[in-house]
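For reference, the structure is listed below as structure tokens.
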Amino acid sequence: MAISPIKEAPNQTEVAGSDSAVSVRNITKNYGDVEALRDMSLEFPRGQLTSLLGPSGCGKTTLLKIIAGLLEPTSGYVEVNGKTVSGPGPDRAFVFQDFALLPWATVLNNVAFGLEMRGVARSEREAIAEKYIGDVGLSGFEHSYPHELSGGMRQRVGLARALSVDADVLLMDEPFSAVDEQTRRKFQEDLLNLVQNENKTFIFVTHSIEEAVYVSDQIAILLPRPSRVSEIIRPSSFRNKGVENIRRDPEYLDIVDDIWSSLRTYVE
Amino acid sequence: MLSRANLLKILSALVLCGAWEIAGRIPVSYAFPTFLDSMRAFFEMIGNGMMLAAYKETLRPLVIGIMISAVLGIGLGLWVGLNDFFDWLFSPIFIVMQAAPLAALIPLLVLAYGIGLTSKVLVVCIMAMPVIVLNTSGAVRNTPESFKEMGKSFLASRTSVLLRIVIPAASPVIFAGLRLGISAGFIGAILAELKITPTGVGDIITYSRSIADYPSMYAAIFSIILLAVLFLNLLEKIETILFKGNQRGYISD
């Protein structure tokens, strides 16, 4: 994934008119007596990256898994492309925090797993998998096993697996939290390219304020106990200034500071 | 050229045989023959066909018992591991079976099933099956949650999750259970021949002891250990071929 100019941030009026790929409506989730999410509603605009950001225990991963169809909400519902979610579906693909690669399968078979489960014939799914392995920069590692790869490379395999099934919505659960800082920065730049080039909607869970502001078109700040959306922030001015300039842009720095000052009371 | 690992295996076997030879020459006991005497008896019994005839007898309950234990044990283990109700129903039985003093229970088995093949197969099964069932169910229950979530989110059916994720993930522990179970099965087969009716290898052991032919007795014991070791090595090869990437463990390092 080569570096290319970052797409321009859509302006506010355009967003208001654009449709949502994913809508979360009045979701409540209880674990026994514990209320993890309360009456949460949130829109995820099509073709954009929305971050779910908040202190630990704020239910961001729970919300993501409900959208994925891996967890059932206690009440409320999720719509993806206008259809109510009742379980995992072909319109969504998941990138896991711990990669969730099968250690006994080669990179090629790991990437092709989703296609295999969709019943794609062997030669076809291997061709598709090889293409995406190349796209994430892992050509030549098709027949390696996960334990032979570094952490960053393993997450690239996880990303290739999610991309290969060509879902509309990509759900990413703290995908870069288990890789080192430098790899992480490269990943963030690559992610911006991906958002621009692939016509997909990204939902990105992170606990890093800088990361959320850097990669997001929209940031939903979640606050804990019970979890609720406290604020939605849409960075507007620094998207078109190039990846190198984002981190010293005044708006970027202001947003990072603002988010921290609103979150700090919740971090003990 | 031999690999380092194989070289070490041969070296440790040589050390063991050497220690045996020395212990036999001291001698630690009148009833403990030297290694070389035992080997002489070993090849003599192979030469005169005694060994072959004995193994024809011994292998029958052993092979039948191990087959039943492996197939039924893994099947039951999967069932117990995947379903809380069957866990509640079956787990205690196998825990009791594993802890039971089998030698003391053999008269009961003979009373119920006679002195034929059935009793002997049962002894092998009682020895081999519990550890296979308990290992399999434990391994299945401990499948990493993220693997199962991954399967579900990429639209794997229940069967696919079981066949493509749960069983391969559990395979190292299942195979460890098979190794332990099969070793125990070998012990069970000999135990049955010593305690129920003296046939096959058990007969050689009992008979040579009764006429104080200790080299032959130890040769018989040696042969069954050798067979068990060879068989366990074969099992390891099968595991390596089936689940290649598992060899270096999981990626959660």
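Going by the structure tokens order, chains are called A, B, ..., each with residues numbered from 1, while ligands are numbered from 1 in the order shown.
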| Which residues, written as a PyMOL selection string, have at least one atom at most 10 Å from segment 215-219 of chain A, with only C-alpha atoms counted and residues fewer than 4 positions away on the same chain left out? | chain A and resi 8-10+44-45+47-53+188-193+195+202-205+209-211+231-236+239+243+246+259
| query | Counting only C-alpha atoms, what is within 12 Å of Leu180 of chain B, bar same-chain residues fewer than 2 positions away, as a VMD selection string? | reply | chain B and resid 66 69 to 70 98 127 to 135 173 to 178 182 to 187 228 to 229 231 to 232 235
Just to be explicit: take each residue in the selection above, keep C-alpha atoms, and write the result as a PDB file, in the first residue's frame.
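Written output follows (part-v2.pdb):
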```pdb
ATOM      1  CA  ILE B  66      -6.998 -48.954  21.508  1.00  0.00           C
ATOM      2  CA  SER B  69     -10.711 -46.053  23.031  1.00  0.00           C
ATOM      3  CA  ALA B  70      -9.392 -43.672  20.386  1.00  0.00           C
ATOM      4  CA  GLN B  98      -9.128 -42.962  35.790  1.00  0.00           C
ATOM      5  CA  MET B 127      -6.931 -47.945  31.059  1.00  0.00           C
ATOM      6  CA  ALA B 128      -6.817 -45.973  27.808  1.00  0.00           C
ATOM      7  CA  MET B 129     -10.135 -44.190  27.477  1.00  0.00           C
ATOM      8  CA  PRO B 130     -10.424 -41.821  30.470  1.00  0.00           C
ATOM      9  CA  VAL B 131      -7.367 -39.738  29.682  1.00  0.00           C
ATOM     10  CA  ILE B 132      -8.371 -39.534  26.002  1.00  0.00           C
ATOM     11  CA  VAL B 133     -11.890 -38.365  26.889  1.00  0.00           C
ATOM     12  CA  LEU B 134     -10.767 -35.924  29.568  1.00  0.00           C
ATOM     13  CA  ASN B 135      -7.995 -34.415  27.435  1.00  0.00           C
ATOM     14  CA  VAL B 173      -3.920 -31.728  23.579  1.00  0.00           C
ATOM     15  CA  ILE B 174      -6.010 -34.478  21.936  1.00  0.00           C
ATOM     16  CA  PHE B 175      -2.815 -36.068  20.644  1.00  0.00           C
ATOM     17  CA  ALA B 176      -1.187 -35.725  24.060  1.00  0.00           C
ATOM     18  CA  GLY B 177      -4.212 -37.587  25.462  1.00  0.00           C
ATOM     19  CA  LEU B 178      -3.883 -40.251  22.767  1.00  0.00           C
ATOM     20  CA  ILE B 182      -2.215 -45.640  24.308  1.00  0.00           C
ATOM     21  CA  SER B 183       0.682 -46.066  26.751  1.00  0.00           C
ATOM     22  CA  ALA B 184      -1.859 -46.917  29.421  1.00  0.00           C
ATOM     23  CA  GLY B 185      -3.542 -49.312  26.960  1.00  0.00           C
ATOM     24  CA  PHE B 186      -0.271 -51.230  26.560  1.00  0.00           C
ATOM     25  CA  ILE B 187      -0.054 -51.540  30.334  1.00  0.00           C
ATOM     26  CA  ALA B 228       4.954 -48.936  22.656  1.00  0.00           C
ATOM     27  CA  VAL B 229       7.800 -46.507  21.910  1.00  0.00           C
ATOM     28  CA  PHE B 231       3.950 -46.860  18.128  1.00  0.00           C
ATOM     29  CA  LEU B 232       4.073 -43.523  19.953  1.00  0.00           C
ATOM     30  CA  LEU B 235       1.581 -41.305  16.273  1.00  0.00           C
TER      31      LEU B 235
END
```
| message | Could you list, as number ranges by chain, every residue within 8 Å of Gly18 of chain B, counting only C-alpha atoms and ignoring same-chain residues fewer than 4 positions away? | response | B: 14, 22, 35
Could you turn the residues from that selection into a file that holds all heavy atoms, as a JSON list (two decimals), in the first residue's frame?
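So result30.json came out as:
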```json
[["chain", "number", "residue", "atom", "x", "y", "z"],
["B", 14, "LEU", "N", 21.33, -45.61, 24.65],
["B", 14, "LEU", "CA", 22.58, -46.31, 24.96],
["B", 14, "LEU", "C", 22.91, -46.19, 26.45],
["B", 14, "LEU", "O", 23.32, -47.17, 27.08],
["B", 14, "LEU", "CB", 23.73, -45.72, 24.13],
["B", 14, "LEU", "CG", 23.81, -46.18, 22.67],
["B", 14, "LEU", "CD1", 24.95, -45.49, 21.94],
["B", 14, "LEU", "CD2", 23.97, -47.69, 22.61],
["B", 22, "ILE", "N", 25.15, -52.69, 33.67],
["B", 22, "ILE", "CA", 25.93, -52.57, 34.90],
["B", 22, "ILE", "C", 25.13, -53.09, 36.10],
["B", 22, "ILE", "O", 25.63, -53.89, 36.90],
["B", 22, "ILE", "CB", 26.35, -51.10, 35.12],
["B", 22, "ILE", "CG1", 27.36, -50.69, 34.05],
["B", 22, "ILE", "CG2", 26.95, -50.91, 36.51],
["B", 22, "ILE", "CD1", 27.60, -49.20, 33.95],
["B", 35, "PHE", "N", 21.64, -56.74, 30.58],
["B", 35, "PHE", "CA", 21.06, -56.33, 29.32],
["B", 35, "PHE", "C", 21.39, -57.32, 28.21],
["B", 35, "PHE", "O", 20.51, -57.73, 27.44],
["B", 35, "PHE", "CB", 21.58, -54.92, 28.96],
["B", 35, "PHE", "CG", 21.20, -54.45, 27.60],
["B", 35, "PHE", "CD1", 19.87, -54.17, 27.29],
["B", 35, "PHE", "CD2", 22.15, -54.26, 26.61],
["B", 35, "PHE", "CE1", 19.50, -53.74, 26.04],
["B", 35, "PHE", "CE2", 21.79, -53.84, 25.34],
["B", 35, "PHE", "CZ", 20.46, -53.56, 25.06]]
```
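All residues of protein, DNA or RNA that reach within 12 Å of Pro198 of chain B, judged by only C-alpha atoms and not counting those fewer than 5 positions away in the chain, are Ala54, Glu57, Thr58, Ile115, Gly116, Lys120, Ala189, Ile190, Leu191, Ala192, Glu193, Asp203, Ile204, Ile205, Thr206, Tyr207 and Ser208 of chain B.
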Using N, CA and C atoms, can you export the residues from the last selection as a JSON list (two decimals), in the first residue's frame?
```json
[["chain", "number", "residue", "atom", "x", "y", "z"],
["B", 54, "ALA", "N", 3.27, -65.13, 20.58],
["B", 54, "ALA", "CA", 2.78, -64.41, 21.75],
["B", 54, "ALA", "C", 2.10, -63.11, 21.33],
["B", 57, "GLU", "N", -1.41, -63.22, 20.07],
["B", 57, "GLU", "CA", -2.39, -63.24, 21.15],
["B", 57, "GLU", "C", -2.59, -61.86, 21.78],
["B", 58, "THR", "N", -1.46, -61.23, 22.09],
["B", 58, "THR", "CA", -1.51, -59.98, 22.87],
["B", 58, "THR", "C", -2.08, -58.83, 22.06],
["B", 115, "ILE", "N", -13.52, -64.98, 30.90],
["B", 115, "ILE", "CA", -12.08, -64.83, 30.81],
["B", 115, "ILE", "C", -11.63, -64.63, 29.37],
["B", 116, "GLY", "N", -12.55, -64.36, 28.49],
["B", 116, "GLY", "CA", -12.20, -64.27, 27.07],
["B", 116, "GLY", "C", -11.72, -62.91, 26.64],
["B", 120, "LYS", "N", -10.56, -58.70, 28.34],
["B", 120, "LYS", "CA", -9.24, -58.11, 28.07],
["B", 120, "LYS", "C", -9.36, -56.77, 27.33],
["B", 189, "ALA", "N", -3.13, -54.10, 28.51],
["B", 189, "ALA", "CA", -3.10, -55.38, 27.79],
["B", 189, "ALA", "C", -2.27, -56.41, 28.54],
["B", 190, "ILE", "N", -1.11, -55.97, 29.05],
["B", 190, "ILE", "CA", -0.25, -56.91, 29.79],
["B", 190, "ILE", "C", -0.89, -57.26, 31.13],
["B", 191, "LEU", "N", -1.47, -56.23, 31.77],
["B", 191, "LEU", "CA", -2.15, -56.47, 33.06],
["B", 191, "LEU", "C", -3.23, -57.53, 32.90],
["B", 192, "ALA", "N", -4.00, -57.42, 31.80],
["B", 192, "ALA", "CA", -5.07, -58.38, 31.56],
["B", 192, "ALA", "C", -4.51, -59.79, 31.43],
["B", 193, "GLU", "N", -3.35, -59.90, 30.74],
["B", 193, "GLU", "CA", -2.78, -61.24, 30.54],
["B", 193, "GLU", "C", -2.15, -61.79, 31.81],
["B", 203, "ASP", "N", 1.91, -64.42, 29.22],
["B", 203, "ASP", "CA", 2.25, -65.82, 29.50],
["B", 203, "ASP", "C", 3.75, -66.01, 29.57],
["B", 204, "ILE", "N", 4.48, -65.40, 28.61],
["B", 204, "ILE", "CA", 5.95, -65.50, 28.64],
["B", 204, "ILE", "C", 6.47, -64.97, 29.97],
["B", 205, "ILE", "N", 5.93, -63.80, 30.39],
["B", 205, "ILE", "CA", 6.39, -63.19, 31.64],
["B", 205, "ILE", "C", 6.11, -64.12, 32.82],
["B", 206, "THR", "N", 4.87, -64.58, 32.93],
["B", 206, "THR", "CA", 4.49, -65.42, 34.05],
["B", 206, "THR", "C", 5.29, -66.73, 34.06],
["B", 207, "TYR", "N", 5.35, -67.36, 32.89],
["B", 207, "TYR", "CA", 6.00, -68.68, 32.81],
["B", 207, "TYR", "C", 7.49, -68.57, 33.11],
["B", 208, "SER", "N", 8.19, -67.57, 32.46],
["B", 208, "SER", "CA", 9.63, -67.48, 32.69],
["B", 208, "SER", "C", 9.94, -67.16, 34.14]]
```
| field | Those of segment 22-251 of chain A in DSSP strand (DSSP E), formatted as a VMD selection string | value | chain A and resid 22 to 31 34 to 45 49 to 53 75 to 80 83 to 84 92 to 95 169 to 173 201 to 206 218 to 223 228 to 233
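Comparing the minimum interatomic distances between chain A and each of B:Gly181, B:Gly202, B:Gly151, B:Pro215, counting only C-alpha atoms, we find that B:Gly151 sits nearest.
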| said: Could you pull out the alpha helix (DSSP H) residues of segment 64-267 of chain A, going by DSSP on the backbone, and write them as a PyMOL selection string? | reply: chain A and resi 64-68+107-111+113-117+122-135+151-164+181-197+209-215+243-246+250-263
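Atom to atom, atom CA of Phe243 of chain B and atom CA of Pro172 of chain B stand 8.7 Å apart.
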| request: Select residues of chain A: the criterion is any atom within 8 Å of an atom of chain B, counting only C-alpha atoms; output as a list in words. | output: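 Every residue meeting the condition is included here: Ala68, Gly69, Leu70, Pro88, Gly89, Pro90, Arg92, Ala93, Phe94, Phe96, Asp98, Ala100, Leu101, Leu102, Pro103, Trp104, Ala105, Thr106, Phe113, Gly114, Met117, Arg118, Tyr145, Pro146 and His147 of chain A.
Using only C-alpha atoms, the residues found no farther than 9 Å from Phe86 of chain B, other than those of its own chain fewer than 6 positions away, are B:Leu76, B:Trp79, B:Val80.
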| request: Fewer than 6 positions away in the same chain doesn't count, so skip those; otherwise give me all residues within 9 Å of segment 20-24 of chain A, counting only C-alpha atoms, as a list of chain:residue names. | output: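 Selected residues are A:Met40, A:Ser41, A:Leu42, A:Glu43, A:Phe44, A:Pro45, A:Arg46, A:Gly47, A:Leu63, A:Ile67, A:Gly76, A:Tyr77, A:Val78, A:Glu79, A:Val80, A:Asn81, A:Gly82, A:Asp168, A:Val169, A:Thr201.
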Store the residues of this selection in a file with C-alpha atoms, as a PDB file, in the first residue's frame.
```pdb
ATOM      1  CA  MET A  40     -27.280   4.022  22.491  1.00  0.00           C
ATOM      2  CA  SER A  41     -27.966   5.427  19.020  1.00  0.00           C
ATOM      3  CA  LEU A  42     -25.307   6.248  16.477  1.00  0.00           C
ATOM      4  CA  GLU A  43     -25.015   6.748  12.699  1.00  0.00           C
ATOM      5  CA  PHE A  44     -22.039   5.596  10.640  1.00  0.00           C
ATOM      6  CA  PRO A  45     -21.817   7.530   7.347  1.00  0.00           C
ATOM      7  CA  ARG A  46     -21.145   5.490   4.216  1.00  0.00           C
ATOM      8  CA  GLY A  47     -17.592   5.452   2.848  1.00  0.00           C
ATOM      9  CA  LEU A  63     -20.938  -2.200  20.587  1.00  0.00           C
ATOM     10  CA  ILE A  67     -22.786  -4.535  15.053  1.00  0.00           C
ATOM     11  CA  GLY A  76     -32.694  -2.064  20.286  1.00  0.00           C
ATOM     12  CA  TYR A  77     -31.386  -3.028  16.857  1.00  0.00           C
ATOM     13  CA  VAL A  78     -28.674  -2.403  14.305  1.00  0.00           C
ATOM     14  CA  GLU A  79     -29.297  -1.708  10.620  1.00  0.00           C
ATOM     15  CA  VAL A  80     -26.684  -2.336   7.942  1.00  0.00           C
ATOM     16  CA  ASN A  81     -27.660  -0.949   4.531  1.00  0.00           C
ATOM     17  CA  GLY A  82     -31.222  -0.675   5.804  1.00  0.00           C
ATOM     18  CA  ASP A 168     -19.251  -3.107   2.673  1.00  0.00           C
ATOM     19  CA  VAL A 169     -18.417  -2.522   6.300  1.00  0.00           C
ATOM     20  CA  THR A 201     -17.362   2.043   5.626  1.00  0.00           C
TER      21      THR A 201
END
```
| said: Give me the residues near Phe141 of chain A as number ranges by chain, where near means some atom within 12 Å (using only C-alpha atoms) and where sequence neighbours in that chain fewer than 4 positions away do not count. | reply: A: 106-111, 129-130, 133-134, 136-137, 145-150, 153-154, 156-157
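One distance worth recording is that between atom CA of Ser137 of chain B and atom CA of Leu78 of chain B, which is 5.5 Å.
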